[in-house]
Structures are given as C-alpha cells and as structure tokens.
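Contents: one structure, followed by commentary.
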Amino acid sequence: MCGFIGSISFYQNNLESLLSANKIQTCRGPDELTTLSKKISQFDEKVKNDKYINLVFNRLAIQDLSNNGSQPMYSKDFNSLIMLNGEIFNHNELRDELRANGVSLVSESSDTEVALKQLSFFGKSAVQKFNGQFSIVFFDFKNNSLMLIRDRLGQKPLFYFNNTETLIFSSNLKSLISNLGDYKIDEHSIQQYLELGVVPAPNTIFKNVYKVKPGEIIETNLNQKKIILETQQFWIIDNFVAERKFDESSFEEKLSEAIKIRHRADVPIANLLSGGIDSTSIIKIMSQNNFEINSFTATYREKKYDESYWSNIVVERFKLSHQQKQISTKSVDTEIFNTLDIFDEPYFDPSNLPSNLIYSEISKKFKVAISGDGGDELLNGYIRTNLAIKRSNKPYTFDALAKIYPKTLGTGSNLSSYSNQLDTSYFSFLSDTNFKEIFFKKTHNNSYLKNLYRDTGDKLKNLILIDYKFFLSEQMLLKVDRTSMANSLEVRSPFMDHKLIEYMLGVNYDDPKVGKKQYLKNLLKEDFEDDFINRKKMGFVFNLEKWVYENEVGLKRIIQSNQLPFSIEQNVINILFTFKTRINSHRIWKLITLIRYFQHVDNIIKSRNQ
C-alpha cells in the first residue's frame, strides 16, 4: 500500500507545492519518498502538445523491499511509467505469463513491475487479469496515453481535478485540495452526506473534484491540445448474476486460493480476529494449511460490545499467538477527534474509532493484516437483508405514515422498513432522507440508491448488489482504507476476491449450504459448539449513543459555532439532544464529523499559505 499525488499540465507546476500537499498522506507510505519532474518530450521527443509531469510517491514496502520495488517505476523497454497504490495478489502467475511472452523482468516479487509490464504489453485489457486492491496511474508514452484505474470494489481511493489544462490526481482528497489551495462546497454532495453518511463516487464534497469509480478506467490522450477524459467500466458486478447450482468444492477451492494469494508478502502478516464466523473461518483454513497466525482482537469493558470471550475460544482451539487491545472510555475521549482527522472525506460511521485503535496496535509489529471484511455480502450475513425481504412480502404498508413522521424525531425508518416495495424497505436501513430536509427547503432529487437498484428477478441478489455497490464499496472500504493506512498498515480480505464474488452471484442462494453463512458454519462445526456458531451477530463499534449524550454540553457548543455549510436553528439542536435516541445520536455525530472535517481542511490550507 502506498500513496501518491501528481499532475500533468501545460504549465510548469511547482513540484514543491505537490511535496507540501503530500505531507498529509506520508503515513500511506513512510518507507520511501520519491519524486519525478519531467516534460513528456523527455520521454517522447516527437510529442506535439508537450506537458509537464510532476509526481510524488510514498512507499510502504511489502513486495520486494529493495530498490527494484521503488516507484514511480519506469520501463525503458516499453517507454511506460506506473504509480501503484495497493497490491496485485496474483503477480506470480502474471509474471510467468509475461516471461512466456518474452518480456524481461528484474524482480522476482515486485507486483508493481508486473502491473507495469502487463499494462505495457497487453494494454488496458490487462486490468481484467489483476486480482487485487489497487489504484493505478499509468503512462504509456509510446501511445500517448494516461490511465487512472481503480479496483473493482474501490478498496483503494483515487481522486482527480481537471480543468482541461491541468490534471491533478491523488490518493488523498485533502492532499489534492491542499494543492489547489481553495475549494467550493457542493451543496448536492452535502445533502448526500446528510442522507447517506458519505458522498459516493464519482462526486466528492467539493465542486469540480471527483473520485474514480470502482471498476473504472479514466483515459486521456497526452497529445491532445486539451486534457479530455474518457471513462469506461472494466467490471460491472450486475453482469455476474445467474442461477447455477452451488458447488461446495468449487467455492472451497476459490476461498482457499483467495486466502493463499493474500499471504504473499516479503514482510510478516497478522490476522484480525473478532471471534465471529468470518475471521474464525479464515483462521481455520490458514491453520489447515500450516500458515503462521498472529491474531489481534479489540476488547471492550461493556459486554454489549465485547467479543473477547469468543475470540479466546478461537485462540485456544488453534493455539494462536494472540494480542488484545482494550477500547476504554479513556481511549475514546482521547482518540475520537484524532480519528476524525484521519479521514480525507466526511464519513460518519462510529466503527472508525475501534478500527483505528486496533490497526494502531497491529502496526507496531506488522505491515499487513488479514481481515474478514466482505463475508456478510458474500454469504448473506446481514439481518436487514432478510428482514426487508420478509416485510416486503406483507400485504400492509406504513409508507403513508413514514411520510408524515416528524423529521426532527428520526428517520422514520421503522415505518419505511415495512414498505411492501422491496427497495424502499431496504433503503430505510441505509439512508436518512428526513435529515437533509430539516436544513434544506429545496432538496435535490437524490435518487442515488434507486439508480443503483436492479431487479434481477431474485430479491435477495437485488439487495446483495446494493450492499456491494454502496454499503461495502462506498462506506466500509473507505473506513478500512483510511484507518489502516493512517497507521501504515495494509489490510487484505479474502472474502473480497472478485472471483469469489462473481461465483457466488452466479449461484442459487436457496441452496441450504449457501444462505446465512451456512457454508462457513458447516466448516466450523467440528471445532466449535452450537452457541459459538449460531450466536447473534455483534457489530464492530463503540457505544456512540452513550458517549454523545454524556458529552452533550461540549458537542452542543461545537454545533452552535455555526461552522457548517448550511444554517441550523437552535430549536433543531435542542430537539436532537432532547430526544435521546440512537438515530439522533448518529445525526449529531454526522454534524460534528462535518464541522471537524472543514476545520481540518481550512487549517491545512491556512498552514500552507503561511
């Protein structure tokens, strides 16, 4: 994992400006800082419309720790250049393919060199073969092409600004804004954030600054008189929906391979262990294959959130080398606002705090950790999914009541979830339309979730697709990337292997071996009792509701500072703190997160201008 910022421009941009903006994201790659500053004509003297290239790269050395893995990486054979943030897990197989085609390589373990030569030799079709998590900037000077590429699920971020004369790209949104030196807030994005808790791609919270979408390639011809961007999707998840029979041996083979290739690294690897089905299954398969296992668990004093009892059972069963990190009230008070500053995009999920704390502990000894993220999407593990399907089959509906539910009291989701329209029912678990309507008399017709929805003929897969396209890609993976990379730690999840996802979307979920994680439960039956396997799922969070209302005075003062990009009336603040519900605690936290975000951005810009 790494981080970068760069630009191509008709004007001679200041490399020092990029270096200053890059300081925000050096945590993404503390092992090596490298730069490149050249004109395109220095790579191709026949270029007609010359431009300046400036690149800054931060390396977190995981594959080939020598200088052979340094970036930006240039290929003299192909006259091409790459910056890669992330990992190509199947680099060994792709390296063999290149050599079979007569392509020479220097390194035996650099996935960056493999990605560079694959794209140089096969063109952009090579991306289809990449199994990994990545954001890529690729220059093909021979063909006058520049590509921005983001992995299928959006595990690695990639932002850009383009005014047709200058294109700036970065792994970090705050770095990019810092380099621009100014910003304008996008009101539509603010409303999306209030509703969804995040701003989905391709938009950001700022006008004219965008995200490369998951599974997207953005390309420009370097020889044009203007920088014009063309986009294409190299992976469309909807295309893999089918109704084949589930084959247990095929799934087992794919899962084992996904785990194996994610253990390719030239540094030691740790395991996140919650004691739940997903992380425990990975550890069992690793144990069966004689992998060295170093496990880590976050613990809580509050039993409601603590899973250490269950994780200790796993530790004892597989004789793991294990460590625990307790998340106490003191650690919450100390770290909660520092954790918010980690995020280069506004993001409200309270699970970001425990994620940051456990990653901080792991990073003291490791650079790579294996997680169970994506298991719920892959094997139908969310309670809300089955609840929405069940309720949409009822003859009655509370849609009319949901529309008149007082907006200041909550989302009305308990009413909307009983809609007999499946999409309406499910979206009630993921959004808060009422919240933005408190602050904006004229709200944008935000049909983001509805535009994602596809009727595949299978109700369950309709919802699983929404989870992949929104909940996982736009929310959970944002949290995992920012909190892990803030601690210079790379997190890998076998359950997010695209081959596994494509396979499962193509099978019939009615098979008793498939639904509600049954395959993993069967895998663990010989090792654990029924109370372990079938217990109620616990979320990886802390008690935000309790913390918010215990800190009411201070949080009120922050909101009353009126540093929001919209006005908020005192009576609204009073209502949010008077009706002490879980929903209102999350709404308060959304506001605090937004205020803190813009304060941090303004401080970054101010410090640069001094």
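Going by the structure tokens order, chains are called A, B, ..., each with residues numbered from 1, while ligands are numbered from 1 in the order shown.
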
Could you give me, as a Markdown table, every stretch 52-117 of chain A residue with an atom at most 8 Å from stretch 18-22 of chain A, plus its closest atom pair and distance in Å to one decimal, counting only C-alpha atoms, rows ordered by chain then number?
| residue | atom | partner | partner_atom | distance |
| --- | --- | --- | --- | --- |
| A:Asn54 | CA | A:Leu18 | CA | 8.0 |
| A:Leu55 | CA | A:Leu18 | CA | 7.8 |
| A:Val56 | CA | A:Leu19 | CA | 6.7 |

Keeping C-alpha atoms, export the residues of the selection given above as a compact mmCIF listing (two decimals), in the first residue's frame.
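Contents of the output file out-v3.txt:
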# COMPACT_ATOMS: atom_id res chain seq x y z
CA ASN A 54 5.21 16.07 -11.62
CA LEU A 55 4.87 13.02 -9.39
CA VAL A 56 5.34 12.38 -5.66

Worksheet item: So what do you get for atom CA of A:Thr339 versus atom CA of A:Lys536, distance-wise?
Response: 28.4 Å

Worksheet item: Could you pull out the helix (DSSP H, G or I) residues of stretch 326-521 of chain A from DSSP and send them as a PyMOL selection string?
Response: chain A and resi 329-342+352-362+375-378+383-392+399-404+413-416+422-427+433-439+448-452+459-485+494-496+498-505+515-521

Practice prompt. Identify all residues of stretch 217-404 of chain A in strand (DSSP E) (DSSP on the backbone) and supply them as a VMD selection string.
Written response: chain A and resid 217 to 221 230 to 233 269 to 272 294 to 300 321 to 327 368 to 370

Generate the output file for the selected residues, N, CA, C and O atoms, as a compact mmCIF listing (two decimals), in the first residue's frame.
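Output below, filename part_6.txt:
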# COMPACT_ATOMS: atom_id res chain seq x y z
N ILE A 217 -11.88 2.83 -15.53
CA ILE A 217 -10.67 3.33 -16.16
C ILE A 217 -10.99 4.70 -16.74
O ILE A 217 -11.95 4.85 -17.50
N ILE A 218 -10.19 5.70 -16.40
CA ILE A 218 -10.31 7.02 -16.99
C ILE A 218 -9.05 7.26 -17.82
O ILE A 218 -7.94 7.13 -17.31
N GLU A 219 -9.23 7.60 -19.08
CA GLU A 219 -8.10 7.68 -20.01
C GLU A 219 -8.07 9.03 -20.71
O GLU A 219 -9.12 9.63 -20.98
N THR A 220 -6.87 9.52 -20.99
CA THR A 220 -6.71 10.74 -21.77
C THR A 220 -5.56 10.57 -22.74
O THR A 220 -4.57 9.88 -22.45
N ASN A 221 -5.69 11.19 -23.90
CA ASN A 221 -4.63 11.21 -24.91
C ASN A 221 -3.67 12.35 -24.58
O ASN A 221 -4.06 13.52 -24.60
N GLU A 230 -11.90 10.34 -20.89
CA GLU A 230 -12.89 9.36 -21.32
C GLU A 230 -12.95 8.23 -20.30
O GLU A 230 -11.90 7.79 -19.81
N THR A 231 -14.15 7.77 -19.99
CA THR A 231 -14.31 6.75 -18.95
C THR A 231 -14.90 5.47 -19.50
O THR A 231 -15.65 5.48 -20.49
N GLN A 232 -14.55 4.36 -18.85
CA GLN A 232 -15.17 3.08 -19.16
C GLN A 232 -15.12 2.19 -17.93
O GLN A 232 -14.22 2.31 -17.10
N GLN A 233 -16.11 1.33 -17.78
CA GLN A 233 -16.14 0.36 -16.69
C GLN A 233 -15.53 -0.95 -17.17
O GLN A 233 -15.96 -1.50 -18.18
N ILE A 269 2.79 -11.19 8.49
CA ILE A 269 1.37 -10.88 8.34
C ILE A 269 0.62 -11.19 9.63
O ILE A 269 0.87 -12.20 10.29
N ALA A 270 -0.34 -10.31 9.98
CA ALA A 270 -1.20 -10.51 11.17
C ALA A 270 -2.62 -10.86 10.73
O ALA A 270 -2.97 -10.74 9.56
N ASN A 271 -3.43 -11.28 11.70
CA ASN A 271 -4.84 -11.59 11.45
C ASN A 271 -5.73 -10.83 12.40
O ASN A 271 -5.49 -10.82 13.62
N LEU A 272 -6.78 -10.21 11.87
CA LEU A 272 -7.82 -9.61 12.71
C LEU A 272 -8.77 -10.71 13.13
O LEU A 272 -9.30 -11.45 12.28
N ASN A 294 -0.78 -14.80 13.59
CA ASN A 294 -0.64 -13.84 14.68
C ASN A 294 -1.95 -13.05 14.75
O ASN A 294 -2.24 -12.24 13.86
N SER A 295 -2.75 -13.28 15.76
CA SER A 295 -4.10 -12.70 15.80
C SER A 295 -4.21 -11.53 16.77
O SER A 295 -3.48 -11.45 17.77
N PHE A 296 -5.16 -10.64 16.45
CA PHE A 296 -5.42 -9.44 17.25
C PHE A 296 -6.92 -9.26 17.42
O PHE A 296 -7.69 -9.44 16.47
N THR A 297 -7.33 -8.86 18.63
CA THR A 297 -8.75 -8.63 18.94
C THR A 297 -8.92 -7.32 19.68
O THR A 297 -8.12 -6.99 20.57
N ALA A 298 -9.97 -6.58 19.33
CA ALA A 298 -10.36 -5.39 20.10
C ALA A 298 -11.33 -5.82 21.18
O ALA A 298 -12.28 -6.56 20.91
N THR A 299 -11.11 -5.40 22.43
CA THR A 299 -12.00 -5.76 23.53
C THR A 299 -12.61 -4.50 24.14
O THR A 299 -12.10 -3.39 23.97
N TYR A 300 -13.73 -4.69 24.84
CA TYR A 300 -14.46 -3.60 25.48
C TYR A 300 -14.82 -4.00 26.90
O TYR A 300 -15.04 -5.18 27.19
N SER A 321 -0.86 -17.23 18.41
CA SER A 321 -0.09 -16.15 19.03
C SER A 321 -1.01 -14.92 19.00
O SER A 321 -1.30 -14.38 17.93
N HIS A 322 -1.47 -14.49 20.18
CA HIS A 322 -2.61 -13.56 20.22
C HIS A 322 -2.33 -12.34 21.09
O HIS A 322 -1.65 -12.42 22.11
N GLN A 323 -2.90 -11.19 20.64
CA GLN A 323 -2.85 -9.96 21.42
C GLN A 323 -4.22 -9.30 21.43
O GLN A 323 -5.01 -9.48 20.48
N GLN A 324 -4.51 -8.54 22.49
CA GLN A 324 -5.78 -7.83 22.61
C GLN A 324 -5.53 -6.35 22.87
O GLN A 324 -4.53 -5.97 23.49
N LYS A 325 -6.45 -5.53 22.38
CA LYS A 325 -6.41 -4.09 22.62
C LYS A 325 -7.75 -3.67 23.20
O LYS A 325 -8.78 -3.80 22.55
N GLN A 326 -7.73 -3.20 24.47
CA GLN A 326 -8.99 -2.79 25.09
C GLN A 326 -9.32 -1.35 24.69
O GLN A 326 -8.49 -0.46 24.77
N ILE A 327 -10.56 -1.17 24.28
CA ILE A 327 -11.06 0.16 23.93
C ILE A 327 -11.88 0.65 25.12
O ILE A 327 -12.99 0.18 25.36
N VAL A 368 1.06 -5.79 7.38
CA VAL A 368 -0.06 -6.42 6.66
C VAL A 368 -0.95 -7.16 7.65
O VAL A 368 -0.44 -7.82 8.57
N ALA A 369 -2.27 -7.05 7.45
CA ALA A 369 -3.23 -7.79 8.28
C ALA A 369 -4.32 -8.38 7.39
O ALA A 369 -4.77 -7.74 6.44
N ILE A 370 -4.74 -9.58 7.73
CA ILE A 370 -5.84 -10.26 7.04
C ILE A 370 -7.13 -10.03 7.82
O ILE A 370 -7.16 -10.21 9.04

Item to complete: Just the residues within 7 Å of stretch 80-92 of chain A, please, counting only C-alpha atoms, with nothing from its chain fewer than 3 positions along; format it as a ChimeraX atom specification.
Response: /A:1-3,71-75,95-96,111-112,114,116,120,130-141,156,261-262

Item to complete: For each of A:Leu591, A:Glu307, A:Asp511, A:Ile227, take the minimum atom-to-atom distance to A:Ile568, counting only C-alpha atoms, then give the residue where this is smallest.
Response: A:Leu591

Item to complete: Write out as a VMD selection string the residues lying within 8 Å of A:Gly215, counting only C-alpha atoms and excluding same-chain residues fewer than 4 positions away.
Response: chain A and resid 149 to 154 233 to 236

Practice prompt. Find the spatial neighbours of stretch 39-50 of chain A, counting only C-alpha atoms, within a cut-off of 9 Å - ignore same-chain residues fewer than 5 positions away - and output them as a list of chain:residue names.
Written response: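 Result of the neighbour search: A:Ile8, A:Ser9, A:Phe10, A:Asn79, A:Ser80, A:Phe141, A:Lys142, A:Asn144, A:Leu222, A:Asn223, A:Gln224, A:Lys225, A:Lys226.
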
Worksheet item: In Å, with one decimal, what is the gap from atom CA of A:Lys284 to atom CA of A:Glu502?
Response: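 Computing it gives 23.6 Å between the two atoms.
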
Please report, as CSV, each residue of stretch 424-519 of chain A lying at most 7 Å from stretch 353-359 of chain A, together with the nearest pair of atoms and the separation in Å rounded to one decimal; use only C-alpha atoms, and order rows by chain and ascending residue number.
residue,atom,partner,partner_atom,distance
A:Thr483,CA,A:Asn356,CA,4.8
A:Ser484,CA,A:Tyr359,CA,5.7
A:Asn487,CA,A:Tyr359,CA,6.5

Kindly save the residues from that selection, with N, CA, C and O atoms included, as a short mmCIF file (atom, residue, chain, number, x, y, z; two decimals), in the first residue's frame.
data_model
loop_
_atom_site.label_atom_id
_atom_site.label_comp_id
_atom_site.auth_asym_id
_atom_site.auth_seq_id
_atom_site.Cartn_x
_atom_site.Cartn_y
_atom_site.Cartn_z
N THR A 483 -8.42 4.18 8.01
CA THR A 483 -7.94 3.88 9.37
C THR A 483 -6.71 2.97 9.35
O THR A 483 -5.83 3.11 10.19
N SER A 484 -6.63 2.07 8.38
CA SER A 484 -5.44 1.21 8.31
C SER A 484 -4.24 1.99 7.79
O SER A 484 -3.14 1.90 8.35
N ASN A 487 -2.23 4.23 9.90
CA ASN A 487 -1.27 3.52 10.74
C ASN A 487 -0.24 2.74 9.91
O ASN A 487 0.43 1.85 10.43
#

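Distances to A:Met538 were evaluated for A:Lys390, A:Lys450, A:Arg317, A:Lys304 using only C-alpha atoms, and the minimum falls at A:Lys304.
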
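Distance annotation: of A:Thr164, A:Gln63, A:Asn451, A:Ser428, the residue with the minimal separation from A:Pro268 is A:Gln63; atom set is only C-alpha atoms.
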
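Of note, atom CA of A:Lys394 and atom CA of A:Gln518 are spaced 26.2 Å apart.
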
Worksheet item: For A:Tyr11, which of A:Thr443, A:Asn551, A:Thr166, A:Ser416 is the closest residue, counting only C-alpha atoms?
Response: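 Using only C-alpha atoms, the shortest distance to A:Tyr11 belongs to A:Thr166.
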
Worksheet item: Neighbours of A:Asp602 within 12 Å (only C-alpha atoms; same-chain residues fewer than 2 positions away dropped), as a list in words?
Response: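 Selected residues are Lys174, Ile177, Ser178, Gly181, Asp182, Tyr183, Lys184, Gln563, Ile595, Arg596, Tyr597, Phe598, Gln599, His600, Ile604, Ile605, Lys606, Ser607, Arg608 and Asn609 of chain A.
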
Generate a file of the selected residues that holds N, CA and C atoms, formatted as a short mmCIF file (atom, residue, chain, number, x, y, z; two decimals), in the first residue's frame.
data_model
loop_
_atom_site.label_atom_id
_atom_site.label_comp_id
_atom_site.auth_asym_id
_atom_site.auth_seq_id
_atom_site.Cartn_x
_atom_site.Cartn_y
_atom_site.Cartn_z
N LYS A 174 -7.72 15.42 0.76
CA LYS A 174 -7.21 16.62 1.42
C LYS A 174 -5.89 17.08 0.80
N ILE A 177 -6.88 18.94 -2.40
CA ILE A 177 -7.44 20.26 -2.09
C ILE A 177 -6.36 21.20 -1.58
N SER A 178 -5.44 20.67 -0.80
CA SER A 178 -4.32 21.47 -0.30
C SER A 178 -3.50 22.01 -1.46
N GLY A 181 -5.37 24.77 -3.11
CA GLY A 181 -5.31 25.96 -2.28
C GLY A 181 -6.64 26.63 -2.01
N ASP A 182 -7.71 26.08 -2.54
CA ASP A 182 -9.03 26.66 -2.34
C ASP A 182 -10.07 25.60 -2.69
N TYR A 183 -11.31 25.85 -2.29
CA TYR A 183 -12.36 24.90 -2.63
C TYR A 183 -13.73 25.57 -2.61
N LYS A 184 -14.67 24.94 -3.30
CA LYS A 184 -16.07 25.32 -3.23
C LYS A 184 -16.86 24.07 -2.85
N GLN A 563 -20.24 26.54 12.05
CA GLN A 563 -19.22 26.34 11.03
C GLN A 563 -19.64 25.30 10.00
N ILE A 595 -18.34 19.32 10.70
CA ILE A 595 -17.68 20.52 11.24
C ILE A 595 -16.18 20.28 11.40
N ARG A 596 -15.83 19.16 12.00
CA ARG A 596 -14.42 18.84 12.21
C ARG A 596 -13.69 18.71 10.87
N TYR A 597 -14.37 18.15 9.89
CA TYR A 597 -13.75 17.95 8.57
C TYR A 597 -13.34 19.28 7.95
N PHE A 598 -14.27 20.23 7.88
CA PHE A 598 -13.96 21.50 7.24
C PHE A 598 -12.96 22.32 8.07
N GLN A 599 -13.00 22.18 9.39
CA GLN A 599 -11.99 22.83 10.23
C GLN A 599 -10.59 22.33 9.87
N HIS A 600 -10.49 21.02 9.70
CA HIS A 600 -9.19 20.42 9.39
C HIS A 600 -8.70 20.84 8.01
N ILE A 604 -5.34 23.06 7.14
CA ILE A 604 -4.32 22.58 6.21
C ILE A 604 -3.99 23.66 5.17
N ILE A 605 -5.01 24.25 4.60
CA ILE A 605 -4.81 25.30 3.59
C ILE A 605 -4.15 26.53 4.21
N LYS A 606 -4.59 26.88 5.42
CA LYS A 606 -4.04 28.06 6.10
C LYS A 606 -2.55 27.86 6.38
N SER A 607 -2.18 26.68 6.85
CA SER A 607 -0.77 26.42 7.18
C SER A 607 0.10 26.44 5.93
N ARG A 608 -0.46 26.05 4.81
CA ARG A 608 0.30 26.07 3.55
C ARG A 608 0.53 27.50 3.07
N ASN A 609 -0.44 28.37 3.33
CA ASN A 609 -0.35 29.75 2.84
C ASN A 609 0.49 30.66 3.73
#
